[in-house]
Amino acid sequence: MTLQELRYLVAVADEGHFARAAEVCHVGQPTLSTQLKKLEDYLGVALFERNKRHLTPTPVGEEIIAEARVALEVMERIRELARQGHDAMDGPLRLGVIPSLGPYLIPHLLPLIHDAYPKLRLFLREDLTANLLEQLRCVKLDALLLALPVHSEGLDVMELFREPFHLALPAGHPLALQKQVHEHDLATQPLLLLEEGHCLRDQALEICASRERRDEVAATSLETLRQMVAAGVGCTLLPALATLPGMGAIQSRLIEIRPFAAPAPSRTIGVVWRHRYPRESTVRCLAELILAHLPACVMPSAGLQNVVPISSATASSACTPERLQKT
């Protein structure tokens, strides 16, 4: 039994298909199939139930796959420990980020990261929270920038900053006459939301809990919401970073942005990685850089002193709505 066979095993489990797993492993499908059969013969058990459409792990196969993941991660930890003997910020880092944060924070960070850590090769993946957490669990990503809380076993979470929400209104809207808005002002307003699966949708509905529920327009991105607001379709909530000058194609003359009166609703942004991830020091250095260069519109959290492991006792589905913080 070899580590390469374990890599093939995990790839087949993740992809559910020999051809896709072979592509991920950069080998031919016959090679991968032969090596997996060799592993099954060595172990004396069937690892997958096969049919024409997909592969399903057998009960014993699921247990062996779980241990294979551990073995591969230990191997990666040994390799990364050796690499850190040279430079923790030298090499690739696969970073996942949610769509309501990435376009507004990452462009601010990239020049800083390049200047501070020129040897760090940052690979970015933008996706919904649930998908990012699954890719982190499967070791396809190394760390995530997410809205907290998240609930998934075996992770460490570090709070970075709190980001207030603002209300985006069509130009000339009656609420634009106010310097600040209140949550109860939204009770009768048509509210534009992101589609199901976006944590920001749940957060917006939590803020507007007292609002009369009715059919809402759903969009795939904040920029689509911004354009619908400019077209006069309704109002929406935007995180503070998305309201900075230069963020979004619609000019300010078409949209009015108003802050909420204190205590203003906000969300907490943090970095998440697997417990015992071998390059934790790399993630911490990146977190230190973020904390040292936060835009003025957000407020730093406890940061590096607040690393919270998520255990099975507290784990549940991702993005469970909780009452939002007030600033």
# chains A, B, ... in the order shown; residues from 1 in each chain; ligands from 1
>>> residues_around(residues="Ala261 of chain A", least_positions_apart="5", cutoff="8 Å", atoms="only C-alpha atoms", output="ChimeraX atom specification")
/A:180-182
>>> write_last_selection(atoms="C-alpha atoms", output="PDB file, in the first residue's frame")
ATOM      1  CA  GLN A 180     -29.603  57.425   9.385  1.00  0.00           C
ATOM      2  CA  VAL A 181     -32.164  54.664   9.061  1.00  0.00           C
ATOM      3  CA  HIS A 182     -33.648  52.257  11.598  1.00  0.00           C
TER       4      HIS A 182
END
>>> residues_around(residues="Glu5 of chain A", least_positions_apart="2", cutoff="12 Å", atoms="only C-alpha atoms", output="ChimeraX atom specification")
/A:1-3,7-12,22,25,31-40,42-43,65,68-69,71-72
>>> residues_around(residues="segment 169-178 of chain A", least_positions_apart="5", cutoff="8 Å", atoms="only C-alpha atoms", output="ChimeraX atom specification")
/A:185,229-236,253-258
>>> closest_residue(among="A:Ala264, A:Ile78, A:Leu167, A:Leu193", to="Arg276 of chain A", atoms="only C-alpha atoms")
A:Ile78
>>> select_by_dssp(residues="segment 128-290 of chain A", states="strand (DSSP E or B)", output="ChimeraX atom specification")
/A:143-148,155-170,181,191,193-194,218-219,235-239,255-260,265-274
>>> closest_residue(among="A:Leu291, A:Leu6, A:Ala262, A:Leu128", to="Val70 of chain A", atoms="only C-alpha atoms")
A:Leu6
